[in-house]
Structures are given as structure tokens and as C-alpha cells.
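Heads up, run_9.txt below (compact mmCIF, C-alpha atoms):
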# COMPACT_ATOMS: atom_id res chain seq x y z
CA MET A 1 54.39 -25.08 -34.57
CA HIS A 2 55.74 -22.16 -32.57
CA ASP A 3 56.06 -22.70 -28.86
CA ASN A 4 55.15 -19.07 -28.20
CA SER A 5 54.57 -15.76 -29.93
CA ASN A 6 57.68 -13.82 -29.06
CA SER A 7 56.86 -10.40 -30.47
CA THR A 8 60.53 -9.39 -30.45
CA THR A 9 61.09 -11.57 -33.53
CA LEU A 10 58.34 -9.84 -35.50
CA PRO A 11 58.80 -6.67 -37.55
CA GLU A 12 57.43 -3.49 -36.04
CA GLY A 13 53.89 -2.80 -37.22
CA HIS A 14 53.11 -6.50 -37.83
CA PRO A 15 49.52 -7.23 -36.61
CA ILE A 16 50.73 -9.69 -33.96
CA SER A 17 53.42 -7.27 -32.81
CA VAL A 18 50.70 -4.64 -32.35
CA TYR A 19 48.61 -7.09 -30.30
CA PHE A 20 51.56 -7.43 -27.95
CA GLN A 21 51.91 -3.66 -27.71
CA GLU A 22 48.28 -3.52 -26.68
CA LYS A 23 48.85 -6.28 -24.15
CA GLU A 24 51.26 -4.03 -22.23
CA ILE A 25 48.57 -1.35 -22.02
CA ILE A 26 45.91 -3.84 -20.95
CA ILE A 27 48.09 -5.33 -18.19
CA ARG A 28 48.76 -1.85 -16.82
CA LEU A 29 45.05 -0.99 -16.82
CA LEU A 30 44.11 -4.28 -15.16
CA GLU A 31 46.62 -3.63 -12.40
CA GLU A 32 45.30 -0.12 -11.91
CA ILE A 33 41.62 -1.04 -11.83
CA SER A 34 42.34 -3.89 -9.42
CA ALA A 35 44.09 -1.54 -7.03
CA VAL A 36 41.44 1.20 -6.94
CA ASP A 37 38.37 1.17 -4.67
CA SER A 38 35.45 2.66 -6.59
CA LYS A 39 33.80 3.74 -3.32
CA GLU A 40 36.79 5.90 -2.43
CA GLU A 41 38.07 6.96 -5.88
CA LEU A 42 35.09 6.72 -8.18
CA GLN A 43 36.35 9.11 -10.87
CA LYS A 44 39.68 7.31 -11.06
CA TYR A 45 37.84 4.01 -11.45
CA ILE A 46 35.67 5.47 -14.22
CA ASN A 47 38.71 6.78 -16.11
CA ILE A 48 40.47 3.40 -15.98
CA PHE A 49 37.29 1.53 -16.85
CA ASN A 50 36.68 3.69 -19.93
CA GLN A 51 40.23 3.14 -21.15
CA LEU A 52 39.95 -0.59 -20.57
CA GLN A 53 36.72 -0.80 -22.52
CA THR A 54 38.56 0.30 -25.67
CA ILE A 55 39.65 -3.36 -25.75
CA GLU A 56 36.57 -3.66 -27.96
CA LYS A 57 38.78 -2.50 -30.85
CA ARG A 58 41.03 -5.49 -30.20
CA PHE A 59 38.05 -7.86 -30.17
CA THR A 60 36.69 -6.38 -33.41
CA ARG A 61 40.04 -6.66 -35.22
CA LYS A 62 40.27 -10.31 -34.29
CA GLU A 63 36.69 -11.06 -35.30
CA ASN A 64 36.69 -9.12 -38.57
CA GLN A 65 40.29 -9.61 -39.69
CA LEU A 66 42.28 -12.35 -37.97
CA PHE A 67 39.52 -14.97 -37.65
CA PRO A 68 38.35 -14.77 -41.30
CA PHE A 69 41.95 -15.23 -42.51
CA LEU A 70 42.31 -18.31 -40.29
CA GLU A 71 38.99 -19.71 -41.54
CA LYS A 72 40.32 -19.53 -45.11
CA LYS A 73 43.17 -21.78 -43.94
CA GLY A 74 40.69 -24.25 -42.47
CA TRP A 75 41.05 -23.32 -38.79
CA ASN A 76 37.60 -22.43 -37.43
CA GLY A 77 38.34 -22.86 -33.72
CA PRO A 78 38.92 -19.17 -32.93
CA SER A 79 35.73 -18.09 -34.68
CA GLN A 80 33.66 -20.66 -32.82
CA GLY A 81 35.28 -20.52 -29.37
CA MET A 82 37.04 -17.23 -28.86
CA TRP A 83 34.21 -15.14 -30.27
CA SER A 84 31.96 -16.40 -27.46
CA PHE A 85 34.74 -15.51 -25.03
CA HIS A 86 34.61 -11.95 -26.36
CA ASP A 87 30.85 -11.83 -25.95
CA ASN A 88 31.14 -12.99 -22.34
CA LEU A 89 33.57 -10.17 -21.59
CA ARG A 90 31.28 -7.70 -23.35
CA ASP A 91 28.48 -8.83 -21.03
CA GLN A 92 30.73 -8.20 -18.03
CA PHE A 93 31.56 -4.72 -19.30
CA ARG A 94 27.85 -3.98 -19.74
CA LEU A 95 27.09 -5.27 -16.24
CA LEU A 96 29.76 -3.07 -14.69
CA ARG A 97 28.56 -0.11 -16.73
CA LYS A 98 25.04 -0.69 -15.38
CA HIS A 99 26.38 -0.80 -11.79
CA LEU A 100 28.32 2.37 -12.51
CA GLU A 101 25.31 4.27 -13.83
CA SER A 102 23.17 3.20 -10.88
CA LYS A 103 26.01 3.92 -8.41
CA GLU A 104 25.98 0.33 -7.10
CA LEU A 105 29.57 0.62 -5.97
CA ASP A 106 29.64 -2.54 -3.84
CA LYS A 107 28.56 -4.59 -6.86
CA MET A 108 31.19 -2.88 -8.98
CA ASN A 109 33.93 -3.84 -6.54
CA THR A 110 32.57 -7.39 -6.39
CA ASN A 111 32.35 -7.94 -10.14
CA THR A 112 35.49 -6.13 -11.30
CA PRO A 113 37.78 -9.09 -10.41
CA PHE A 114 35.73 -11.36 -12.69
CA LEU A 115 36.34 -9.00 -15.62
CA VAL A 116 40.05 -8.78 -14.83
CA ASP A 117 40.38 -12.57 -14.58
CA GLY A 118 38.47 -13.10 -17.82
CA ILE A 119 40.70 -10.72 -19.78
CA LEU A 120 43.86 -12.29 -18.36
CA ARG A 121 42.69 -15.79 -19.33
CA LEU A 122 41.82 -14.55 -22.82
CA MET A 123 45.26 -13.03 -23.35
CA LYS A 124 46.93 -16.21 -22.13
CA THR A 125 44.96 -18.22 -24.71
CA GLU A 126 45.95 -15.71 -27.38
CA GLU A 127 49.63 -15.94 -26.51
CA MET A 128 49.79 -19.71 -26.08
CA VAL A 129 47.43 -20.87 -28.85
CA LEU A 130 45.94 -18.25 -31.17
CA PHE A 131 48.96 -16.17 -32.12
CA PRO A 132 51.50 -19.02 -32.54
CA ASN A 133 49.16 -20.98 -34.79
CA ALA A 134 48.24 -17.88 -36.77
CA LEU A 135 51.93 -17.21 -37.42
CA ASP A 136 52.30 -20.77 -38.70
CA LEU A 137 49.25 -20.70 -40.95
CA LEU A 138 49.26 -17.24 -42.49
CA THR A 139 51.61 -15.90 -45.12
CA GLU A 140 53.33 -12.53 -45.37
CA LYS A 141 50.75 -11.53 -47.97
CA ASP A 142 47.96 -12.41 -45.51
CA TRP A 143 49.46 -10.25 -42.77
CA ILE A 144 49.90 -7.29 -45.10
CA ALA A 145 46.29 -7.53 -46.26
CA MET A 146 45.13 -7.92 -42.66
CA ARG A 147 46.99 -4.82 -41.55
CA GLN A 148 45.29 -2.80 -44.30
CA GLY A 149 41.90 -4.00 -43.08
CA GLU A 150 42.73 -3.06 -39.49
CA GLU A 151 43.16 0.60 -40.39
CA GLU A 152 39.40 1.21 -40.37
CA ILE A 153 38.90 -0.49 -36.99
CA GLY A 154 41.70 1.09 -34.99
CA TRP A 155 43.81 0.08 -32.01
CA MET A 156 44.08 0.68 -28.28
CA LEU A 157 47.38 2.47 -28.85
CA PRO A 158 47.66 6.25 -28.37
CA GLU A 159 49.08 6.56 -31.90
CA THR A 160 48.72 4.63 -35.14
CA PRO A 161 51.30 1.81 -35.31
CA VAL A 162 54.14 2.16 -37.79
CA ALA A 163 53.42 1.00 -41.31
CA PHE A 164 53.63 -2.68 -42.22
CA PRO A 165 55.47 -3.59 -44.29
CA PRO A 166 57.94 -0.78 -43.53
CA GLN A 167 57.74 2.07 -46.03
CA GLU A 168 61.14 2.81 -47.55
CA TYR A 169 61.76 6.51 -48.13
CA ILE A 170 62.11 7.36 -51.81
CA HIS A 171 63.31 10.79 -52.84
CA PRO A 172 60.77 12.46 -55.18
CA SER A 173 63.42 12.67 -57.91
CA ALA A 174 63.73 8.88 -57.84
CA ASP A 175 60.02 8.10 -57.55
CA PHE A 176 58.71 6.91 -60.89
CA THR A 177 55.52 5.33 -59.54
CA LYS A 178 52.55 5.91 -61.83
CA ARG A 179 49.64 7.40 -59.91
CA GLU A 180 46.08 8.26 -60.79
CA MET A 181 45.52 11.94 -61.37
CA THR A 182 43.55 13.62 -58.56
CA PHE A 183 42.40 16.31 -60.99
CA SER A 184 41.08 16.56 -64.54
CA THR A 185 43.48 17.31 -67.41
CA GLU A 186 40.64 18.40 -69.68
CA ASN A 187 41.25 21.79 -71.34
CA SER A 188 44.76 21.92 -69.85
CA SER A 189 48.24 21.75 -71.34
CA HIS A 190 51.07 19.49 -70.28
CA TYR A 191 54.23 21.17 -69.03
CA ASP A 192 57.46 19.57 -67.82
CA GLU A 193 56.13 18.90 -64.34
CA GLY A 194 52.35 19.04 -64.55
CA TYR A 195 49.19 20.34 -66.18
CA MET A 196 47.66 23.84 -66.18
CA THR A 197 44.82 25.51 -68.01
CA VAL A 198 45.32 28.68 -70.02
CA GLU A 199 43.49 30.64 -67.33
CA GLN A 200 45.79 29.25 -64.62
CA VAL A 201 48.93 30.09 -66.57
CA ASN A 202 47.68 33.61 -67.26
CA LEU A 203 46.82 34.15 -63.59
CA LEU A 204 50.23 32.86 -62.54
CA LEU A 205 52.07 35.22 -64.87
CA LYS A 206 49.97 38.19 -63.82
CA THR A 207 50.77 37.67 -60.15
CA MET A 208 54.52 37.13 -60.60
CA PRO A 209 56.60 40.14 -59.44
CA LEU A 210 58.27 40.75 -62.80
CA ASP A 211 57.83 42.20 -66.26
CA LEU A 212 57.91 39.75 -69.12
CA THR A 213 58.04 40.13 -72.89
CA PHE A 214 58.33 37.31 -75.40
CA VAL A 215 59.64 37.84 -78.95
CA ASP A 216 59.22 35.02 -81.44
CA GLU A 217 61.58 33.81 -84.17
CA ASN A 218 60.22 36.49 -86.52
CA ASP A 219 61.18 39.30 -84.16
CA LYS A 220 57.53 39.86 -83.37
CA VAL A 221 56.36 40.57 -79.85
CA ILE A 222 53.70 37.95 -79.15
CA PHE A 223 53.41 38.25 -75.37
CA ILE A 224 53.86 41.07 -72.89
CA ILE A 225 52.92 41.42 -69.25
CA GLY A 226 53.72 44.13 -66.73
CA ALA A 227 53.04 47.86 -67.00
CA LYS A 228 56.72 48.75 -67.38
CA ASN A 229 56.89 46.70 -70.57
CA VAL A 230 54.77 49.30 -72.40
CA PHE A 231 57.88 51.44 -72.52
CA PHE A 232 60.01 48.41 -73.42
CA LEU A 233 57.65 47.67 -76.33
CA GLU A 234 58.24 51.17 -77.72
CA VAL A 235 62.00 50.56 -77.50
CA LEU A 236 61.67 47.27 -79.38
CA GLU A 237 59.58 48.91 -82.10
CA SER A 238 62.25 51.58 -82.56
CA LEU A 239 64.72 48.75 -83.16
CA GLY A 240 62.50 47.21 -85.81
CA VAL A 241 60.94 44.54 -83.69
CA LYS A 242 57.21 44.42 -84.31

Write-out of the structure in C-alpha cells:
Amino acid sequence: MHDNSNSTTLPEGHPISVYFQEKEIIIRLLEEISAVDSKEELQKYINIFNQLQTIEKRFTRKENQLFPFLEKKGWNGPSQGMWSFHDNLRDQFRLLRKHLESKELDKMNTNTPFLVDGILRLMKTEEMVLFPNALDLLTEKDWIAMRQGEEEIGWMLPETPVAFPPQEYIHPSADFTKREMTFSTENSSHYDEGYMTVEQVNLLLKTMPLDLTFVDENDKVIFIIGAKNVFFLEVLESLGVK
């Protein structure tokens, strides 16, 4: 078992690495909300409180992604114990929100430390127990699948974390990956680099800033576009080209 979850050893974008990125934000917000007096700087308190409450995304990712993966490995402790911890913190958020809406500022100042302490204890349990054991139990394939599932839930971060696993850049000329067509090829013709209908090809040629005439192997003009080519057609006919 790991002694701790040192995020510096994890690749960027790994779900646990992202949890540690969020931890830095949470610690900063807890310090800020602990230092502000809601009676003197109410708007500042509200702004910090609203940012802190986005921790719900962190709770939801754990409950809907991390815990189910651990249950498949036979570890049900987080689902049974830590989920109730989340619910307790949710209750504290709701209580503070109620005090905020009713302008019970003294109660807000009294109860804020309980929320701060609860979040700190939760993150300590994550770092000392949950994350190390999860890293032991889950495979690389599990983490990749988990990260895909987290996309719909979101994070506390200001920007989406980098992709996991890292996406290697492949020049288009070297990309031979087969992909599903995002359009129908019905009634269209295949060209070197794509599909177009007759109508699309005709429209393209009409809008190109050039005159174009095509003569087949029998010296017969079979295609002409551009007003100037009317004169060119007469020249060709004088040369015996039909």
C-alpha cells in the first residue's frame, strides 16, 4: 500500500492529480472564508462561499465515478462511510445558505468554522486513506474510463484539466485512423480527399475565379464554364475540335 498520494508522481490529467489541483483551490478558499467577517464584508463572504460550494462537483465525481470503481474491486468502505460525510457537509452548506438568505450574520460566523473543519477532515481522509488505496486497487484502464466519465460532471478548476492519457499530436498526413462519416455519402461521388454531390461540384466550379474548358480523348469539348470560354470554344471549333 502507498503511504501517501503524492500527486507529483502522477501524470498530469490523472483523476487523482486533478483532485490534488482542486485541493489547492479549496485550501485557499477555506483560508479566505475563515478570515472574513460576514458582518463587515458580506459580499466578499458571499463570493467566497459560492466558490467553495462548487465542491459539490468533487463530491459528485467521487460518488458517481471513483466509488463505483472501488466497489467493483470489493472495497465498499468509501461508498458507505464517505458518502455520509458528503451529506453532512451538504447539510452544513444548506444551513449557512439559510442563514445567508435570512441575514442571520451572527449564526453564519458561528457555523462557518464547522464547515471549514469538516472539509479539512474530509480532505485529510482522502489523502491518507482513499486516494492511496484507490491507486493500489485500480488499473490504468480504470483511471482512463473514470476520467471519461468525469467529463460530464466537471471540476472546480477554472479550466478543463489536460487530457488523460496525454494526447500525442499526429500530423493529418500521418493520421490513418478510420472515423465514422459525419455526413451522408448517398448520391455523392468519391474524390481523392472526400465526397461531393454533382450539385456541390457544379456550384464549386461556378464560383471559382477562372474559365475552364475540358476536351476529351476524342477532341470533343464536354465541359465549359466561364463566359470568356464562349470565344475559346469558337477558336477550338475552327481548329477542328468539336

What gap, in Å, lies between atom CA of A:Ile25 and atom CA of A:Asn76?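 Between atom CA of A:Ile25 and atom CA of A:Asn76 the gap works out to 28.3 Å.
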
With a distance cut-off of 12 Å and all atoms listed in the file, select the neighbouring residues of A:Gly81, excluding the residue or stretch itself and same-chain residues fewer than 3 positions from it, and output the selection as a PyMOL selection string. chain A and resi 63+67+75-78+84-88+122+125-126+130

What separation in Å, quoted to one decimal, exists between atom CA of A:Leu137 and atom CA of A:Lys73?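 Separating atom CA of A:Leu137 from atom CA of A:Lys73 is a distance of 6.9 Å.
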
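Look at A:Glu152: the protein and nucleic acid residues within 12 Å of it, using only C-alpha atoms and passing over chain neighbours fewer than 5 places away, are Lys57, Thr60, Arg61, Asn64, Gln65, Met146, Arg147 and Thr160 of chain A.
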
Could you please determine the separation between atom CA of A:Ile33 and atom CA of A:Glu159 in Å, to one decimal place?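 Answer for the atom CA of A:Ile33 to atom CA of A:Glu159 separation: 22.7 Å.
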
Return the single residue from A:Glu12, A:Glu40, A:Glu217, A:Glu150 that is closest to A:Phe59, with distances computed using all atoms listed in the file.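 Looking only at the distances to A:Phe59, the closest residue turns out to be A:Glu150.
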
Counting only C-alpha atoms, the residue of A:Glu140, A:Met156, A:Leu100, A:Asn133 that sits nearest A:Leu52: A:Met156

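Contact shell of stretch 211-216 of chain A at 6 Å (all atoms listed in the file; same-chain neighbours under 6 positions omitted): Ile222, Phe223, Ile224, Ile225 and Gly226 of chain A.
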
Of the candidates A:Pro113, A:Pro132, A:Gly149, A:Pro209, which shows the shortest atom-to-atom distance to A:Leu10, using only C-alpha atoms?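 Smallest separation from A:Leu10 among the options: A:Pro132.
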
Write out as a PyMOL selection string which residues come within 9 Å of A:Pro11 when counting all atoms listed in the file, dropping same-chain ones fewer than 5 positions away. chain A and resi 17+164-166

The centre and edge lengths of an axis-aligned box containing all atoms of stretch 60-78 of chain A present in the file, extended by 5 Å on each side, are to be given in Å to one decimal, as lines of an AutoDock Vina configuration file.
center_x = 39.9
center_y = -15.3
center_z = -39.0
size_x = 16.5
size_y = 27.9
size_z = 22.2

Around (50.1, -15.9, -38.3) in the file's own coordinates, what residues are found within 10 Å if you use all atoms listed in the file, given back as a list in words? Ser5, His14, Pro15, Ile16, Leu66, Phe69, Leu70, Leu130, Phe131, Pro132, Asn133, Ala134, Leu135, Asp136, Leu137, Leu138, Thr139, Glu140, Asp142 and Trp143 of chain A
